[in-house]
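Colleague: Pasting a structure here, questions to come.
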Amino acid sequence: MTALTKSEMAERLFEELGLNKREAKEIVELFFEEIRTSLENNEQVKLSGFGNFDLRDKSQRPGRNPKTGEEIPISARRVVTFRPGQKLKARVEEYAGTEQ
Amino acid sequence: MTKSELIEMIAARQSQLSSKDVELAVKTILEHMSSALSAGERIEIRGFGSFSLHYREPRRGRNPKTGDAVELTGKYVPHFKPGKELRERVNLGLQMGL
């Protein structure tokens, strides 16, 4: 099965809500851009029914270049994690398709 | 930021649609994403990230109240992998002391 992309989301807004194609495309772009901006500003994003995008600060830790075996520290970084909400988890659990 | 704050942010950044229309659009997008994942379909948004399902093997768990063993069947759980632009921007936020 092909993956869901922004263009299909815009198409759905055109079909279901009657937004014109330019508006639909713009709303889909803004949807993801505003989430990125919030996360960039270290602000968690909570979308009830879907899930939360949380931020975690990780301190520097030792690492290795897998090719050479040379030790190089992995710098401190901030990462995004997604915690699916109860409703989404329950819906996905019912999926009984072939193992991915 | 909550869903209603996201709706307000989007409404403020475009001129054609009312807050009500933006609210409907945001809810439609989220429902589209949820139903795709529930049907086992991946979601791929360049610069943001991808959502897919990860399989959890069946295992023996315990009822936390009684301590009785219970058989848990295999199941799928949603998984998100941030894309390059999102990873870089979030990390830049850290460098800038946010």
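Residues in the structure tokens are numbered from 1 in each chain, the chains being A, B, ... in the order shown, and ligands are numbered from 1 in the order shown.
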Do me a favour and pick out the residues of chain A within 6 Å of chain B, using only C-alpha atoms, as a list in words.

Modeller: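 Those within range of chain B come out as Ala3, Leu4, Thr5, Glu40, Val45, Lys46, Leu47, Arg77, Arg78, Phe82, Arg91, Val92, Glu93 and Tyr95 of chain A.
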
Colleague: What's around Ile72 (chain A) at 8 Å? Count only C-alpha atoms, leave out sequence neighbours fewer than 4 positions away in its own chain, and write the answer as an MDAnalysis selection string.

Modeller: chainID A and resid 62:65

Colleague: Put those residues in a file: C-alpha atoms, as a CSV table (one decimal), in the first residue's frame.

Modeller:
chain,number,residue,atom,x,y,z
A,62,PRO,CA,30.3,8.3,24.3
A,63,GLY,CA,29.9,6.9,20.8
A,64,ARG,CA,32.0,5.3,18.1
A,65,ASN,CA,32.5,5.6,14.4

Colleague: Using DSSP on the backbone coordinates, identify all residues within chain A classified as strand (DSSP E); present the result as a PyMOL selection string.

Modeller: chain A and resi 45-47+51-58+61-64+71-74+77-84

Colleague: Using only C-alpha atoms, which residue out of A:Lys89, A:Lys6, A:Lys58, A:Arg83 lies closest to Phe31 (chain A)?

Modeller: A:Lys6

Colleague: Could you tell me how far CA of Ala90 (chain A) lies from CA of Glu29 (chain A), in Å and to one decimal?

Modeller: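 Computed distance, CA of Ala90 (chain A) to CA of Glu29 (chain A), equals 27.9 Å.
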
Colleague: Would you give me, as a ChimeraX atom specification, the residues in chain A that DSSP reads as alpha helix (DSSP H)?

Modeller: /A:6-17,21-40,86-93

Colleague: Nearest residue to Leu30 (chain A) out of A:Ala10, A:Ser59, A:Glu43, A:Pro84, using only C-alpha atoms?

Modeller: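 Among A:Ala10, A:Ser59, A:Glu43, A:Pro84, it is A:Ala10 that comes nearest to Leu30 (chain A).
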